[in-house]
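start31.cif follows; it contains mmCIF, C-alpha atoms.
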data_data
loop_
_atom_site.group_PDB
_atom_site.id
_atom_site.type_symbol
_atom_site.label_atom_id
_atom_site.label_comp_id
_atom_site.auth_asym_id
_atom_site.auth_seq_id
_atom_site.Cartn_x
_atom_site.Cartn_y
_atom_site.Cartn_z
ATOM 1 C CA MET A 1 71.287 107.879 139.423
ATOM 2 C CA ARG A 2 72.932 110.321 137.038
ATOM 3 C CA GLN A 3 75.839 110.954 139.411
ATOM 4 C CA ILE A 4 76.525 107.233 139.770
ATOM 5 C CA TYR A 5 76.528 106.890 135.980
ATOM 6 C CA GLY A 6 79.070 109.723 135.772
ATOM 7 C CA LEU A 7 81.283 108.060 138.377
ATOM 8 C CA LEU A 8 81.209 104.772 136.493
ATOM 9 C CA LEU A 9 82.433 106.488 133.330
ATOM 10 C CA LEU A 10 85.173 108.419 135.111
ATOM 11 C CA PRO A 11 87.846 105.651 134.869
ATOM 12 C CA ALA A 12 87.164 105.305 131.126
ATOM 13 C CA VAL A 13 87.587 109.058 130.626
ATOM 14 C CA VAL A 14 90.839 109.101 132.605
ATOM 15 C CA LEU A 15 92.071 106.160 130.497
ATOM 16 C CA ALA A 16 91.141 107.939 127.254
ATOM 17 C CA VAL A 17 92.901 111.131 128.329
ATOM 18 C CA SER A 18 96.038 109.241 129.332
ATOM 19 C CA ALA A 19 95.981 107.422 125.986
ATOM 20 C CA GLY A 20 96.033 110.749 124.149
ATOM 21 C CA GLY A 21 92.349 111.636 123.864
ATOM 22 C CA ASP A 22 91.811 115.356 123.326
ATOM 23 C CA VAL A 23 89.253 117.295 125.304
ATOM 24 C CA CYS A 24 86.316 118.153 123.042
ATOM 25 C CA THR A 25 83.113 120.163 123.255
ATOM 26 C CA ASN A 26 81.263 118.609 120.295
ATOM 27 C CA SER A 27 81.573 115.569 118.046
ATOM 28 C CA THR A 28 82.936 117.510 115.045
ATOM 29 C CA GLN A 29 86.209 118.010 116.913
ATOM 30 C CA CYS A 30 86.759 114.234 116.755
ATOM 31 C CA SER A 31 86.132 113.885 113.019
ATOM 32 C CA VAL A 32 88.330 113.715 109.958
ATOM 33 C CA ASP A 33 85.756 115.553 107.855
ATOM 34 C CA THR A 34 82.049 116.288 107.787
ATOM 35 C CA ILE A 35 81.265 113.171 105.707
ATOM 36 C CA GLY A 36 82.573 110.474 108.031
ATOM 37 C CA SER A 37 83.265 110.515 111.725
ATOM 38 C CA SER A 38 86.502 109.003 113.031
ATOM 39 C CA GLY A 39 85.593 109.384 116.690
ATOM 40 C CA THR A 40 82.957 110.500 119.124
ATOM 41 C CA CYS A 41 83.033 113.060 121.875
ATOM 42 C CA THR A 42 82.077 111.299 125.093
ATOM 43 C CA PHE A 43 80.685 113.502 127.849
ATOM 44 C CA THR A 44 80.566 112.559 131.508
ATOM 45 C CA GLY A 45 77.704 113.650 133.732
ATOM 46 C CA ASN A 46 76.745 117.332 133.341
ATOM 47 C CA SER A 47 80.151 118.258 131.956
ATOM 48 C CA THR A 48 80.373 120.679 129.014
ATOM 49 C CA SER A 49 83.542 119.067 127.719
ATOM 50 C CA GLY A 50 84.258 115.453 126.892
ATOM 51 C CA VAL A 51 87.029 113.241 125.582
ATOM 52 C CA CYS A 52 87.503 112.061 121.997
ATOM 53 C CA GLU A 53 87.162 108.288 121.704
ATOM 54 C CA CYS A 54 88.467 107.098 118.360
ATOM 55 C CA ASN A 55 86.847 104.500 116.124
ATOM 56 C CA ALA A 56 88.901 101.332 115.591
ATOM 57 C CA ARG A 57 90.421 102.589 112.302
ATOM 58 C CA TYR A 58 91.726 105.887 113.739
ATOM 59 C CA THR A 59 94.053 106.943 116.539
ATOM 60 C CA GLY A 60 95.549 110.055 118.051
ATOM 61 C CA GLY A 61 94.149 112.619 120.427
ATOM 62 C CA ASP A 62 91.840 114.127 117.832
ATOM 63 C CA CYS A 63 91.212 110.841 115.931
ATOM 64 C CA ARG A 64 92.718 112.214 112.727
ATOM 65 C CA THR A 65 95.484 109.621 112.247
ATOM 66 C CA GLU A 66 94.432 106.584 110.227
ATOM 67 C CA ARG A 67 96.053 103.364 111.401
ATOM 68 C CA LYS A 68 97.838 100.981 109.019
ATOM 69 C CA ALA A 69 95.957 97.782 108.145
ATOM 70 C CA LYS A 70 97.251 94.517 109.608
ATOM 71 C CA LEU A 71 96.122 92.464 106.587
ATOM 72 C CA THR A 72 97.921 94.783 104.170
ATOM 73 C CA ALA A 73 101.089 94.647 106.268
ATOM 74 C CA PHE A 74 100.966 90.847 106.417
ATOM 75 C CA LEU A 75 100.297 90.419 102.681
ATOM 76 C CA LEU A 76 103.121 92.797 101.824
ATOM 77 C CA SER A 77 105.364 90.866 104.206
ATOM 78 C CA PHE A 78 104.309 87.559 102.643
ATOM 79 C CA PHE A 79 104.777 88.555 98.993
ATOM 80 C CA VAL A 80 107.483 91.256 99.028
ATOM 81 C CA GLY A 81 108.697 91.106 102.637
ATOM 82 C CA ALA A 82 112.105 89.810 101.624
ATOM 83 C CA TYR A 83 112.546 93.056 99.673
ATOM 84 C CA GLY A 84 111.382 95.215 102.609
ATOM 85 C CA GLY A 85 107.873 95.941 101.327
ATOM 86 C CA ASP A 86 106.300 95.518 104.757
ATOM 87 C CA ARG A 87 108.840 97.790 106.422
ATOM 88 C CA PHE A 88 108.373 100.492 103.789
ATOM 89 C CA TYR A 89 104.567 100.307 104.302
ATOM 90 C CA LEU A 90 104.911 100.691 108.078
ATOM 91 C CA GLY A 91 107.284 103.651 107.647
ATOM 92 C CA TYR A 92 110.561 101.959 108.611
ATOM 93 C CA ILE A 93 112.471 103.190 105.555
ATOM 94 C CA GLY A 94 115.946 102.346 106.912
ATOM 95 C CA ALA A 95 114.938 98.778 107.772
ATOM 96 C CA GLY A 96 113.275 98.432 104.361
ATOM 97 C CA VAL A 97 116.439 99.537 102.578
ATOM 98 C CA GLY A 98 118.477 97.180 104.779
ATOM 99 C CA LYS A 99 116.249 94.247 103.865
ATOM 100 C CA LEU A 100 116.423 95.189 100.198
ATOM 101 C CA ILE A 101 120.220 95.312 100.270
ATOM 102 C CA LEU A 102 120.477 92.018 102.160
ATOM 103 C CA THR A 103 118.129 90.349 99.688
ATOM 104 C CA LEU A 104 119.934 91.619 96.611
ATOM 105 C CA ALA A 105 123.457 91.077 97.986
ATOM 106 C CA PRO A 106 123.533 87.284 97.357
ATOM 107 C CA CYS A 107 122.378 87.956 93.790
ATOM 108 C CA ILE A 108 124.852 90.761 93.050
ATOM 109 C CA LEU A 109 127.999 89.779 94.995
ATOM 110 C CA PRO A 110 128.864 86.743 92.840
ATOM 111 C CA TYR A 111 129.011 88.919 89.725
ATOM 112 C CA PHE A 112 131.507 91.280 91.347
ATOM 113 C CA PHE A 113 133.788 88.422 92.295
ATOM 114 C CA CYS A 114 133.203 86.416 89.102
ATOM 115 C CA CYS A 115 135.665 88.524 87.155
ATOM 116 C CA PHE A 116 138.337 87.882 89.746
ATOM 117 C CA LEU A 117 137.614 84.157 90.067
ATOM 118 C CA CYS A 118 137.105 83.483 86.350
ATOM 119 C CA ALA A 119 140.230 85.347 85.322
ATOM 120 C CA ASP A 120 142.422 82.731 86.979
ATOM 121 C CA PRO A 121 140.939 79.195 86.944
ATOM 122 C CA GLU A 122 143.323 78.023 89.664
ATOM 123 C CA ARG A 123 141.735 80.405 92.172
ATOM 124 C CA LYS A 124 138.312 78.746 92.000
ATOM 125 C CA ARG A 125 138.961 76.953 95.289
ATOM 126 C CA SER A 126 140.715 79.862 96.908
ATOM 127 C CA VAL A 127 139.820 81.392 100.241
ATOM 128 C CA LEU A 128 138.026 84.208 98.426
ATOM 129 C CA ALA A 129 135.688 81.780 96.675
ATOM 130 C CA ILE A 130 134.892 79.987 99.921
ATOM 131 C CA ALA A 131 134.320 83.296 101.685
ATOM 132 C CA LEU A 132 131.972 84.364 98.881
ATOM 133 C CA TYR A 133 129.881 81.217 99.206
ATOM 134 C CA VAL A 134 129.718 81.542 102.991
ATOM 135 C CA LEU A 135 128.804 85.229 102.754
ATOM 136 C CA THR A 136 125.995 84.684 100.256
ATOM 137 C CA SER A 137 124.655 81.707 102.207
ATOM 138 C CA CYS A 138 124.631 83.598 105.507
ATOM 139 C CA THR A 139 123.065 86.662 103.917
ATOM 140 C CA GLY A 140 120.341 84.569 102.302
ATOM 141 C CA LEU A 141 119.665 82.758 105.568
ATOM 142 C CA GLY A 142 119.538 86.079 107.424
ATOM 143 C CA VAL A 143 116.935 87.419 105.003
ATOM 144 C CA VAL A 144 114.743 84.328 105.470
ATOM 145 C CA VAL A 145 114.969 84.597 109.267
ATOM 146 C CA TRP A 146 114.136 88.344 109.162
ATOM 147 C CA TRP A 147 111.254 87.645 106.766
ATOM 148 C CA LEU A 148 109.742 84.980 109.045
ATOM 149 C CA THR A 149 110.316 87.152 112.116
ATOM 150 C CA ASP A 150 108.327 89.971 110.524
ATOM 151 C CA TRP A 151 105.425 87.576 109.857
ATOM 152 C CA ILE A 152 105.392 86.614 113.518
ATOM 153 C CA LEU A 153 105.704 90.234 114.686
ATOM 154 C CA ILE A 154 102.833 91.374 112.474
ATOM 155 C CA LEU A 155 100.532 88.477 113.356
ATOM 156 C CA THR A 156 101.152 88.868 117.095
ATOM 157 C CA ASP A 157 100.704 92.679 117.019
ATOM 158 C CA GLN A 158 104.282 93.317 118.117
ATOM 159 C CA LEU A 159 105.210 95.514 115.125
ATOM 160 C CA PRO A 160 103.518 98.944 115.216
ATOM 161 C CA ASP A 161 103.925 101.582 112.534
ATOM 162 C CA VAL A 162 106.800 104.050 112.731
ATOM 163 C CA ASP A 163 104.732 106.417 114.912
ATOM 164 C CA GLY A 164 104.061 103.676 117.463
ATOM 165 C CA ASN A 165 100.408 103.168 116.484
ATOM 166 C CA ALA A 166 99.082 99.621 116.647
ATOM 167 C CA LEU A 167 97.933 98.101 113.357
ATOM 168 C CA TYR A 168 94.214 98.110 112.548
ATOM 169 C CA HIS A 169 92.754 94.586 112.943
ATOM 170 C CA ASP A 170 91.099 93.776 109.630
ATOM 171 C CA MET A 171 92.032 90.093 109.409
#

Could you express the structure from this file as structure tokens?
Amino acid sequence: MRQIYGLLLLPAVVLAVSAGGDVCTNSTQCSVDTIGSSGTCTFTGNSTSGVCECNARYTGGDCRTERKAKLTAFLLSFFVGAYGGDRFYLGYIGAGVGKLILTLAPCILPYFFCCFLCADPERKRSVLAIALYVLTSCTGLGVVVWWLTDWILILTDQLPDVDGNALYHDM
């Protein structure tokens, strides 16, 4: 009976190894510290070595990488997502800066052009003024679309952290 049990666990061990599970000889090799365990060492049959299987909150071969929380990512996206807060949290610094610039551009650009437009009242309906209004409108619309897209990506588990780890389901 013991051999059959070992054969039934074999596909799970192969899956864990292919997903990055490290080979272990005791459960302390799959822990963050001695206080709390972040994974267990699963042995198959009479084997002296097993494979680390991480708890839901941790990932990586040795279960030492803590995953980002899905609820935190969504709340950051909801409240400060237009400013890139969700992207900064997930480690996408470049995308966060891009979102921040796109969000602030419609607020800042009119002040740069105001001096030019206000200096000559006849230019208020010039091509530059129309281009400014179109630019700020398109930028603002782009930010809203990106903001809503991030909500959808986070809620449907399509946006991992920068290391490619799935978000921890705490919603």

Nearest to Gly60 of chain A, chosen from A:Tyr83, A:Trp146, A:Phe74, A:Cys30, with all atoms listed in the file counted in the distances: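 Going through A:Tyr83, A:Trp146, A:Phe74, A:Cys30 one by one, the smallest distance to Gly60 of chain A is for A:Cys30.
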
Separation of atom CA of Ala105 of chain A from atom CA of Leu135 of chain A in Å: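 Here the two named atoms are 9.2 Å from each other.
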
Cys24 of chain A surroundings by only C-alpha atoms, 6 Å radius, close-in-sequence under 5 positions cut, as a VMD selection string: chain A and resid 49 to 51

Atomic separation - atom CA of Ala73 of chain A relative to atom CA of Leu167 of chain A, Å: 8.5 Å

Surrounding residues of segment 158-161 of chain A excluding itself and chain neighbours under 3 positions, 10 Å, only C-alpha atoms, as a list of chain:residue names: A:Arg67, A:Lys68, A:Ala69, A:Lys70, A:Ala73, A:Arg87, A:Phe88, A:Tyr89, A:Leu90, A:Gly91, A:Tyr92, A:Asp150, A:Trp151, A:Ile152, A:Leu153, A:Ile154, A:Leu155, A:Gly164, A:Asn165, A:Ala166, A:Leu167, A:Tyr168

Residues as selected, C-alpha atoms, written as a PDB file, in the frame of the given file, can you do that?
ATOM      1  CA  ARG A  67      96.053 103.364 111.401  1.00  0.00           C
ATOM      2  CA  LYS A  68      97.838 100.981 109.019  1.00  0.00           C
ATOM      3  CA  ALA A  69      95.957  97.782 108.145  1.00  0.00           C
ATOM      4  CA  LYS A  70      97.251  94.517 109.608  1.00  0.00           C
ATOM      5  CA  ALA A  73     101.089  94.647 106.268  1.00  0.00           C
ATOM      6  CA  ARG A  87     108.840  97.790 106.422  1.00  0.00           C
ATOM      7  CA  PHE A  88     108.373 100.492 103.789  1.00  0.00           C
ATOM      8  CA  TYR A  89     104.567 100.307 104.302  1.00  0.00           C
ATOM      9  CA  LEU A  90     104.911 100.691 108.078  1.00  0.00           C
ATOM     10  CA  GLY A  91     107.284 103.651 107.647  1.00  0.00           C
ATOM     11  CA  TYR A  92     110.561 101.959 108.611  1.00  0.00           C
ATOM     12  CA  ASP A 150     108.327  89.971 110.524  1.00  0.00           C
ATOM     13  CA  TRP A 151     105.425  87.576 109.857  1.00  0.00           C
ATOM     14  CA  ILE A 152     105.392  86.614 113.518  1.00  0.00           C
ATOM     15  CA  LEU A 153     105.704  90.234 114.686  1.00  0.00           C
ATOM     16  CA  ILE A 154     102.833  91.374 112.474  1.00  0.00           C
ATOM     17  CA  LEU A 155     100.532  88.477 113.356  1.00  0.00           C
ATOM     18  CA  GLY A 164     104.061 103.676 117.463  1.00  0.00           C
ATOM     19  CA  ASN A 165     100.408 103.168 116.484  1.00  0.00           C
ATOM     20  CA  ALA A 166      99.082  99.621 116.647  1.00  0.00           C
ATOM     21  CA  LEU A 167      97.933  98.101 113.357  1.00  0.00           C
ATOM     22  CA  TYR A 168      94.214  98.110 112.548  1.00  0.00           C
TER      23      TYR A 168
END

Written as an mmCIF file with C-alpha atoms, keeping the file's coordinate frame, which residues does the PyMOL selection byres ((chain A and resi 57) around 10) give for the file shown?
data_model
loop_
_atom_site.group_PDB
_atom_site.id
_atom_site.type_symbol
_atom_site.label_atom_id
_atom_site.label_comp_id
_atom_site.auth_asym_id
_atom_site.auth_seq_id
_atom_site.Cartn_x
_atom_site.Cartn_y
_atom_site.Cartn_z
ATOM 1 C CA SER A 38 86.502 109.003 113.031
ATOM 2 C CA GLY A 39 85.593 109.384 116.690
ATOM 3 C CA CYS A 54 88.467 107.098 118.360
ATOM 4 C CA ASN A 55 86.847 104.500 116.124
ATOM 5 C CA ALA A 56 88.901 101.332 115.591
ATOM 6 C CA TYR A 58 91.726 105.887 113.739
ATOM 7 C CA THR A 59 94.053 106.943 116.539
ATOM 8 C CA CYS A 63 91.212 110.841 115.931
ATOM 9 C CA ARG A 64 92.718 112.214 112.727
ATOM 10 C CA THR A 65 95.484 109.621 112.247
ATOM 11 C CA GLU A 66 94.432 106.584 110.227
ATOM 12 C CA ARG A 67 96.053 103.364 111.401
ATOM 13 C CA LYS A 68 97.838 100.981 109.019
ATOM 14 C CA ALA A 69 95.957 97.782 108.145
ATOM 15 C CA LEU A 167 97.933 98.101 113.357
ATOM 16 C CA TYR A 168 94.214 98.110 112.548
ATOM 17 C CA HIS A 169 92.754 94.586 112.943
ATOM 18 C CA ASP A 170 91.099 93.776 109.630
#

Close residues, Ala82 of chain A itself excluded, 10 Å, all atoms listed in the file, min 2 positions apart in chain, as a PyMOL selection string: chain A and resi 76-80+84-87+96+99-104+140+143-148+150

Residue among A:Val97, A:Leu132, A:Ile108, A:Met171 lying closest to Thr72 of chain A, counting only C-alpha atoms: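 Distance minimum relative to Thr72 of chain A lands on A:Met171.
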
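Using all atoms listed in the file for every distance, the candidate list A:Cys138, A:Thr40, A:Thr25, A:Asp157 yields A:Cys138 as the residue closest to Pro106 of chain A.
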
Length of the atom CA of Thr156 of chain A to atom CA of Gly61 of chain A vector [Å]: 25.0 Å
